[in-house]
Amino acid sequence: MTLQVSLVSYAVSVVFGFLGAAGKLSNNRYLRILADLYTTVVRSLPELLVILLLYFSVASGAERLLKYLGLVGDQFQFSSFWAAIVALAFVSGAFMTEVIRSAYLAVPSGQIEAAISIGMPRRKILTRVVLPQMMRHAVPGMGNLWLSITKESAIISVLGSFSELLYTGYRAAAGTKQYIFFYGLTAMLFLLITLVSVIVISRIEKHLNRGHR
């Protein structure tokens with residue numbers, strides 16, 4: 001469950017990050033204000049508070065609205081798994097926005113201008129000039145956010161519908177009174193996830209930085 005929640009919420013947070021970065025870099029004033037508001041509010045509040053607000057307020061409010069409009073039946077209820085995923089991704093997406101925005105700004109503007117001057121289509125400029133260089137700068141920050149989100153996945157246990165790694169360790173320790181063993185085992189499993197992740201991230205960084213000192 002910990003890996004499943006981490007992987008899915010990380011993927012969704014990348015989507016939030018790209019949308020947020022596009023908003024902050026947009027020429028549209030209102031999109032910039034909206035993106036700035038998103039990152040400022042989310043990063044200034046405790047993550048647990050934001051997740052609880054989104055899970056219990058936004059999700060339940062959306063359910064009532066859909067039922068009131070007659071778009072769903074009276075028995076309709078949002079999946080608690082996906083509600084938790086979106087809430088966790090929404091929080092991480094605010095930090096992802098800044099990572100992606102700074103990575104985009106690190107790409108030399110002269111290269112983009114050169115691509116435009118030779119008539120390269122904007123789609124190819126994005127895929128062949130901007131994204132490859134963006135990712136080289138973004139991967140360290142995105143890697144840190146991945147490591148962070150694997151630990152933050154433990155927060156969803158407070159929502160009462162999930163038995164992720166930390167909550168399972170807590171239940172095992174409380175049931176057997178072997179606190180040192182089960183909490184230690186839980187810590188080792190989180191450490192194992194982190195070590196494997198660090199190896200994968202370092203290999204991705206090495207691949208993206210080939211040809212660069």
# chains A, B, ... in the order shown; residues from 1 in each chain; ligands from 1
>>> residues_around(residues="stretch 200-203 of chain A", least_positions_apart="3", cutoff="8 Å", atoms="only C-alpha atoms", output="PyMOL selection string")
chain A and resi 139-140+143+196-197+206-207
>>> residues_around(residues="A:Val198", least_positions_apart="4", cutoff="12 Å", atoms="only C-alpha atoms", output="PyMOL selection string")
chain A and resi 139-140+142-148+191-194+202-205
>>> atom_distance(atom1="atom CA of A:Glu113", atom2="atom CA of A:Thr127")
14.9 Å
>>> residues_around(residues="A:Gly93", least_positions_apart="6", cutoff="6 Å", atoms="only C-alpha atoms", output="VMD selection string")
chain A and resid 13 16 to 17
>>> closest_residue(among="A:Val12, A:Val129, A:Ile149, A:Ala35", to="A:Phe90", atoms="only C-alpha atoms")
A:Val12
>>> closest_residue(among="A:Ile33, A:Ile51, A:Val130, A:Ala59", to="A:Ser157", atoms="only C-alpha atoms")
A:Ile51
>>> residues_around(residues="A:Asp36", least_positions_apart="6", cutoff="9 Å", atoms="only C-alpha atoms", output="PyMOL selection string")
chain A and resi 20+23-24
>>> closest_residue(among="A:Ala89, A:Asn28, A:Ala103, A:Ile112", to="A:Val50", atoms="only C-alpha atoms")
A:Ala89
>>> residues_around(residues="A:Phe95", least_positions_apart="3", cutoff="9 Å", atoms="only C-alpha atoms", output="PDB file with all heavy atoms, in the first residue's frame")
ATOM      1  N   SER A  13       1.193  14.176  -8.722  1.00  0.00           N
ATOM      2  CA  SER A  13       1.846  15.425  -8.298  1.00  0.00           C
ATOM      3  C   SER A  13       2.697  16.012  -9.423  1.00  0.00           C
ATOM      4  O   SER A  13       2.848  17.242  -9.507  1.00  0.00           O
ATOM      5  CB  SER A  13       2.711  15.175  -7.058  1.00  0.00           C
ATOM      6  OG  SER A  13       3.900  14.463  -7.377  1.00  0.00           O
ATOM      7  N   GLY A  17       2.446  19.617 -10.825  1.00  0.00           N
ATOM      8  CA  GLY A  17       3.649  20.425 -10.927  1.00  0.00           C
ATOM      9  C   GLY A  17       3.799  21.085 -12.288  1.00  0.00           C
ATOM     10  O   GLY A  17       4.130  22.276 -12.382  1.00  0.00           O
ATOM     11  N   THR A  39       0.719  27.677  -4.806  1.00  0.00           N
ATOM     12  CA  THR A  39       1.988  27.298  -4.174  1.00  0.00           C
ATOM     13  C   THR A  39       2.180  27.975  -2.821  1.00  0.00           C
ATOM     14  O   THR A  39       2.702  27.371  -1.889  1.00  0.00           O
ATOM     15  CB  THR A  39       3.172  27.640  -5.095  1.00  0.00           C
ATOM     16  OG1 THR A  39       3.120  29.036  -5.448  1.00  0.00           O
ATOM     17  CG2 THR A  39       3.135  26.817  -6.365  1.00  0.00           C
ATOM     18  N   VAL A  42      -0.468  26.338  -0.121  1.00  0.00           N
ATOM     19  CA  VAL A  42      -0.167  24.941   0.205  1.00  0.00           C
ATOM     20  C   VAL A  42       1.145  24.820   0.966  1.00  0.00           C
ATOM     21  O   VAL A  42       1.249  24.074   1.948  1.00  0.00           O
ATOM     22  CB  VAL A  42      -0.133  24.082  -1.078  1.00  0.00           C
ATOM     23  CG1 VAL A  42       0.376  22.675  -0.768  1.00  0.00           C
ATOM     24  CG2 VAL A  42      -1.526  24.000  -1.698  1.00  0.00           C
ATOM     25  N   ARG A  43       2.164  25.583   0.560  1.00  0.00           N
ATOM     26  CA  ARG A  43       3.466  25.477   1.218  1.00  0.00           C
ATOM     27  C   ARG A  43       3.502  26.156   2.577  1.00  0.00           C
ATOM     28  O   ARG A  43       4.402  25.892   3.376  1.00  0.00           O
ATOM     29  CB  ARG A  43       4.557  26.065   0.325  1.00  0.00           C
ATOM     30  CG  ARG A  43       4.843  25.223  -0.918  1.00  0.00           C
ATOM     31  CD  ARG A  43       6.043  25.727  -1.670  1.00  0.00           C
ATOM     32  NE  ARG A  43       5.841  27.089  -2.141  1.00  0.00           N
ATOM     33  CZ  ARG A  43       6.821  27.882  -2.557  1.00  0.00           C
ATOM     34  NH1 ARG A  43       8.074  27.452  -2.524  1.00  0.00           N
ATOM     35  NH2 ARG A  43       6.551  29.093  -2.996  1.00  0.00           N
ATOM     36  N   VAL A  91      -0.724  18.452  -2.398  1.00  0.00           N
ATOM     37  CA  VAL A  91       0.277  19.063  -1.518  1.00  0.00           C
ATOM     38  C   VAL A  91       1.665  18.979  -2.155  1.00  0.00           C
ATOM     39  O   VAL A  91       2.390  19.990  -2.241  1.00  0.00           O
ATOM     40  CB  VAL A  91       0.274  18.363  -0.145  1.00  0.00           C
ATOM     41  CG1 VAL A  91       1.428  18.868   0.708  1.00  0.00           C
ATOM     42  CG2 VAL A  91      -1.053  18.605   0.566  1.00  0.00           C
ATOM     43  N   SER A  92       2.044  17.804  -2.617  1.00  0.00           N
ATOM     44  CA  SER A  92       3.373  17.634  -3.215  1.00  0.00           C
ATOM     45  C   SER A  92       3.507  18.407  -4.515  1.00  0.00           C
ATOM     46  O   SER A  92       4.602  18.842  -4.883  1.00  0.00           O
ATOM     47  CB  SER A  92       3.639  16.144  -3.467  1.00  0.00           C
ATOM     48  OG  SER A  92       3.632  15.419  -2.256  1.00  0.00           O
ATOM     49  N   GLU A  98       7.582  24.371  -8.147  1.00  0.00           N
ATOM     50  CA  GLU A  98       8.789  25.198  -8.050  1.00  0.00           C
ATOM     51  C   GLU A  98      10.004  24.486  -8.626  1.00  0.00           C
ATOM     52  O   GLU A  98      10.884  25.115  -9.225  1.00  0.00           O
ATOM     53  CB  GLU A  98       9.040  25.593  -6.593  1.00  0.00           C
ATOM     54  CG  GLU A  98       7.965  26.492  -6.006  1.00  0.00           C
ATOM     55  CD  GLU A  98       7.801  27.789  -6.770  1.00  0.00           C
ATOM     56  OE1 GLU A  98       8.780  28.270  -7.381  1.00  0.00           O
ATOM     57  OE2 GLU A  98       6.684  28.328  -6.765  1.00  0.00           O
ATOM     58  N   VAL A  99      10.070  23.171  -8.460  1.00  0.00           N
ATOM     59  CA  VAL A  99      11.185  22.399  -9.030  1.00  0.00           C
ATOM     60  C   VAL A  99      11.160  22.491 -10.551  1.00  0.00           C
ATOM     61  O   VAL A  99      12.185  22.751 -11.203  1.00  0.00           O
ATOM     62  CB  VAL A  99      11.105  20.924  -8.575  1.00  0.00           C
ATOM     63  CG1 VAL A  99      12.105  20.072  -9.352  1.00  0.00           C
ATOM     64  CG2 VAL A  99      11.372  20.815  -7.081  1.00  0.00           C
ATOM     65  N   ILE A 100       9.991  22.284 -11.147  1.00  0.00           N
ATOM     66  CA  ILE A 100       9.867  22.297 -12.606  1.00  0.00           C
ATOM     67  C   ILE A 100      10.057  23.710 -13.153  1.00  0.00           C
ATOM     68  O   ILE A 100      10.696  23.916 -14.187  1.00  0.00           O
ATOM     69  CB  ILE A 100       8.507  21.715 -13.022  1.00  0.00           C
ATOM     70  CG1 ILE A 100       8.446  20.222 -12.651  1.00  0.00           C
ATOM     71  CG2 ILE A 100       8.264  21.896 -14.520  1.00  0.00           C
ATOM     72  CD1 ILE A 100       7.108  19.571 -12.866  1.00  0.00           C
ATOM     73  N   LEU A 145      11.663  14.940  -3.804  1.00  0.00           N
ATOM     74  CA  LEU A 145      10.224  14.922  -3.572  1.00  0.00           C
ATOM     75  C   LEU A 145       9.683  13.493  -3.554  1.00  0.00           C
ATOM     76  O   LEU A 145       8.740  13.191  -2.827  1.00  0.00           O
ATOM     77  CB  LEU A 145       9.509  15.748  -4.637  1.00  0.00           C
ATOM     78  CG  LEU A 145       9.658  17.265  -4.503  1.00  0.00           C
ATOM     79  CD1 LEU A 145       9.030  17.985  -5.678  1.00  0.00           C
ATOM     80  CD2 LEU A 145       9.029  17.743  -3.194  1.00  0.00           C
TER      81      LEU A 145
END
>>> residues_around(residues="A:Tyr104", least_positions_apart="2", cutoff="10 Å", atoms="only C-alpha atoms", output="ChimeraX atom specification")
/A:21-22,25,98-102,106-109,130-131,133-135,137-138
>>> atom_distance(atom1="atom CA of A:Met120", atom2="atom CA of A:Leu105")
20.0 Å
>>> select_by_dssp(residues="stretch 16-165 of chain A", states="alpha helix (DSSP H)", output="JSON list (two decimals) with C-alpha atoms, in the first residue's frame")
[["chain", "number", "residue", "atom", "x", "y", "z"],
["A", 16, "PHE", "CA", 0.04, 19.25, -10.75],
["A", 17, "GLY", "CA", 3.65, 20.43, -10.93],
["A", 18, "PHE", "CA", 3.67, 20.89, -14.70],
["A", 19, "LEU", "CA", 0.30, 22.66, -14.62],
["A", 20, "GLY", "CA", 1.45, 24.90, -11.78],
["A", 21, "ALA", "CA", 4.75, 25.70, -13.47],
["A", 22, "ALA", "CA", 2.96, 26.46, -16.74],
["A", 23, "GLY", "CA", 0.70, 28.83, -14.83],
["A", 24, "LYS", "CA", 3.58, 30.63, -13.11],
["A", 25, "LEU", "CA", 5.44, 31.00, -16.42],
["A", 29, "ARG", "CA", -1.81, 37.48, -15.39],
["A", 30, "TYR", "CA", -4.71, 35.55, -13.88],
["A", 31, "LEU", "CA", -3.04, 32.18, -14.41],
["A", 32, "ARG", "CA", 0.09, 33.49, -12.70],
["A", 33, "ILE", "CA", -1.92, 34.77, -9.74],
["A", 34, "LEU", "CA", -3.78, 31.44, -9.44],
["A", 35, "ALA", "CA", -0.53, 29.43, -9.59],
["A", 36, "ASP", "CA", 1.17, 31.74, -7.07],
["A", 37, "LEU", "CA", -1.82, 31.42, -4.75],
["A", 38, "TYR", "CA", -1.70, 27.62, -5.03],
["A", 39, "THR", "CA", 1.99, 27.30, -4.17],
["A", 40, "THR", "CA", 1.93, 29.96, -1.45],
["A", 41, "VAL", "CA", -1.10, 28.61, 0.42],
["A", 42, "VAL", "CA", -0.17, 24.94, 0.20],
["A", 43, "ARG", "CA", 3.47, 25.48, 1.22],
["A", 44, "SER", "CA", 2.50, 27.71, 4.16],
["A", 47, "GLU", "CA", 0.65, 19.08, 5.05],
["A", 48, "LEU", "CA", -1.61, 17.07, 7.35],
["A", 49, "LEU", "CA", -4.01, 20.01, 7.65],
["A", 50, "VAL", "CA", -4.25, 20.45, 3.87],
["A", 51, "ILE", "CA", -4.87, 16.73, 3.35],
["A", 52, "LEU", "CA", -7.59, 16.67, 6.01],
["A", 53, "LEU", "CA", -9.28, 19.75, 4.53],
["A", 59, "ALA", "CA", -14.45, 15.59, -1.40],
["A", 60, "SER", "CA", -17.64, 15.57, 0.69],
["A", 61, "GLY", "CA", -18.71, 18.94, -0.74],
["A", 62, "ALA", "CA", -18.23, 17.67, -4.29],
["A", 63, "GLU", "CA", -20.28, 14.57, -3.47],
["A", 64, "ARG", "CA", -23.17, 16.69, -2.17],
["A", 65, "LEU", "CA", -23.02, 18.98, -5.20],
["A", 66, "LEU", "CA", -23.10, 16.09, -7.66],
["A", 67, "LYS", "CA", -26.04, 14.52, -5.82],
["A", 68, "TYR", "CA", -27.88, 17.86, -5.70],
["A", 80, "SER", "CA", -11.35, 6.98, -0.39],
["A", 81, "PHE", "CA", -8.16, 5.73, -2.04],
["A", 82, "TRP", "CA", -8.33, 8.24, -4.89],
["A", 83, "ALA", "CA", -9.44, 11.04, -2.59],
["A", 84, "ALA", "CA", -6.35, 10.43, -0.45],
["A", 85, "ILE", "CA", -4.14, 10.19, -3.55],
["A", 86, "VAL", "CA", -5.35, 13.51, -4.95],
["A", 87, "ALA", "CA", -5.02, 15.21, -1.56],
["A", 88, "LEU", "CA", -1.44, 14.00, -1.11],
["A", 89, "ALA", "CA", -0.54, 14.81, -4.72],
["A", 90, "PHE", "CA", -2.07, 18.29, -4.41],
["A", 91, "VAL", "CA", 0.28, 19.06, -1.52],
["A", 92, "SER", "CA", 3.37, 17.63, -3.21],
["A", 93, "GLY", "CA", 2.41, 19.31, -6.49],
["A", 94, "ALA", "CA", 3.02, 22.74, -4.95],
["A", 95, "PHE", "CA", 6.65, 21.84, -4.28],
["A", 96, "MET", "CA", 6.90, 20.08, -7.65],
["A", 97, "THR", "CA", 5.76, 23.30, -9.32],
["A", 98, "GLU", "CA", 8.79, 25.20, -8.05],
["A", 99, "VAL", "CA", 11.19, 22.40, -9.03],
["A", 100, "ILE", "CA", 9.87, 22.30, -12.61],
["A", 101, "ARG", "CA", 9.69, 26.09, -12.91],
["A", 102, "SER", "CA", 13.30, 26.53, -11.80],
["A", 103, "ALA", "CA", 14.41, 23.73, -14.14],
["A", 104, "TYR", "CA", 12.73, 25.47, -17.07],
["A", 105, "LEU", "CA", 14.39, 28.78, -16.21],
["A", 109, "SER", "CA", 16.99, 31.13, -23.59],
["A", 110, "GLY", "CA", 19.42, 31.46, -26.50],
["A", 111, "GLN", "CA", 18.91, 27.81, -27.39],
["A", 112, "ILE", "CA", 15.15, 28.28, -27.56],
["A", 113, "GLU", "CA", 15.60, 31.40, -29.71],
["A", 114, "ALA", "CA", 17.98, 29.51, -32.01],
["A", 115, "ALA", "CA", 15.45, 26.70, -32.43],
["A", 116, "ILE", "CA", 12.73, 29.23, -33.28],
["A", 117, "SER", "CA", 15.01, 31.02, -35.76],
["A", 122, "ARG", "CA", 7.09, 24.55, -30.90],
["A", 123, "ARG", "CA", 6.28, 20.91, -30.14],
["A", 124, "LYS", "CA", 9.76, 19.83, -31.26],
["A", 131, "LEU", "CA", 12.50, 18.94, -21.83],
["A", 132, "PRO", "CA", 15.85, 17.07, -22.11],
["A", 133, "GLN", "CA", 17.68, 19.97, -20.46],
["A", 134, "MET", "CA", 14.88, 20.66, -18.00],
["A", 135, "MET", "CA", 14.95, 17.11, -16.71],
["A", 136, "ARG", "CA", 18.71, 17.27, -16.16],
["A", 137, "HIS", "CA", 18.13, 20.15, -13.74],
["A", 138, "ALA", "CA", 14.84, 18.85, -12.33],
["A", 139, "VAL", "CA", 15.74, 15.25, -11.43],
["A", 140, "PRO", "CA", 17.62, 16.06, -8.18],
["A", 141, "GLY", "CA", 14.66, 18.04, -6.85],
["A", 142, "MET", "CA", 12.11, 15.56, -8.18],
["A", 143, "GLY", "CA", 14.11, 12.76, -6.58],
["A", 144, "ASN", "CA", 13.98, 14.50, -3.22],
["A", 145, "LEU", "CA", 10.22, 14.92, -3.57],
["A", 146, "TRP", "CA", 9.87, 11.21, -4.33],
["A", 147, "LEU", "CA", 11.76, 10.34, -1.14],
["A", 148, "SER", "CA", 9.59, 12.80, 0.74],
["A", 149, "ILE", "CA", 6.34, 11.41, -0.62],
["A", 150, "THR", "CA", 7.22, 7.84, 0.38],
["A", 151, "LYS", "CA", 7.35, 9.06, 3.98],
["A", 152, "GLU", "CA", 4.33, 11.35, 3.64],
["A", 165, "LEU", "CA", 3.53, 0.50, 6.31]]
>>> atom_distance(atom1="atom CA of A:Tyr167", atom2="atom CA of A:Ile180")
14.9 Å
>>> closest_residue(among="A:Phe190, A:Tyr183, A:Phe56, A:Phe76", to="A:Leu3", atoms="only C-alpha atoms")
A:Phe190
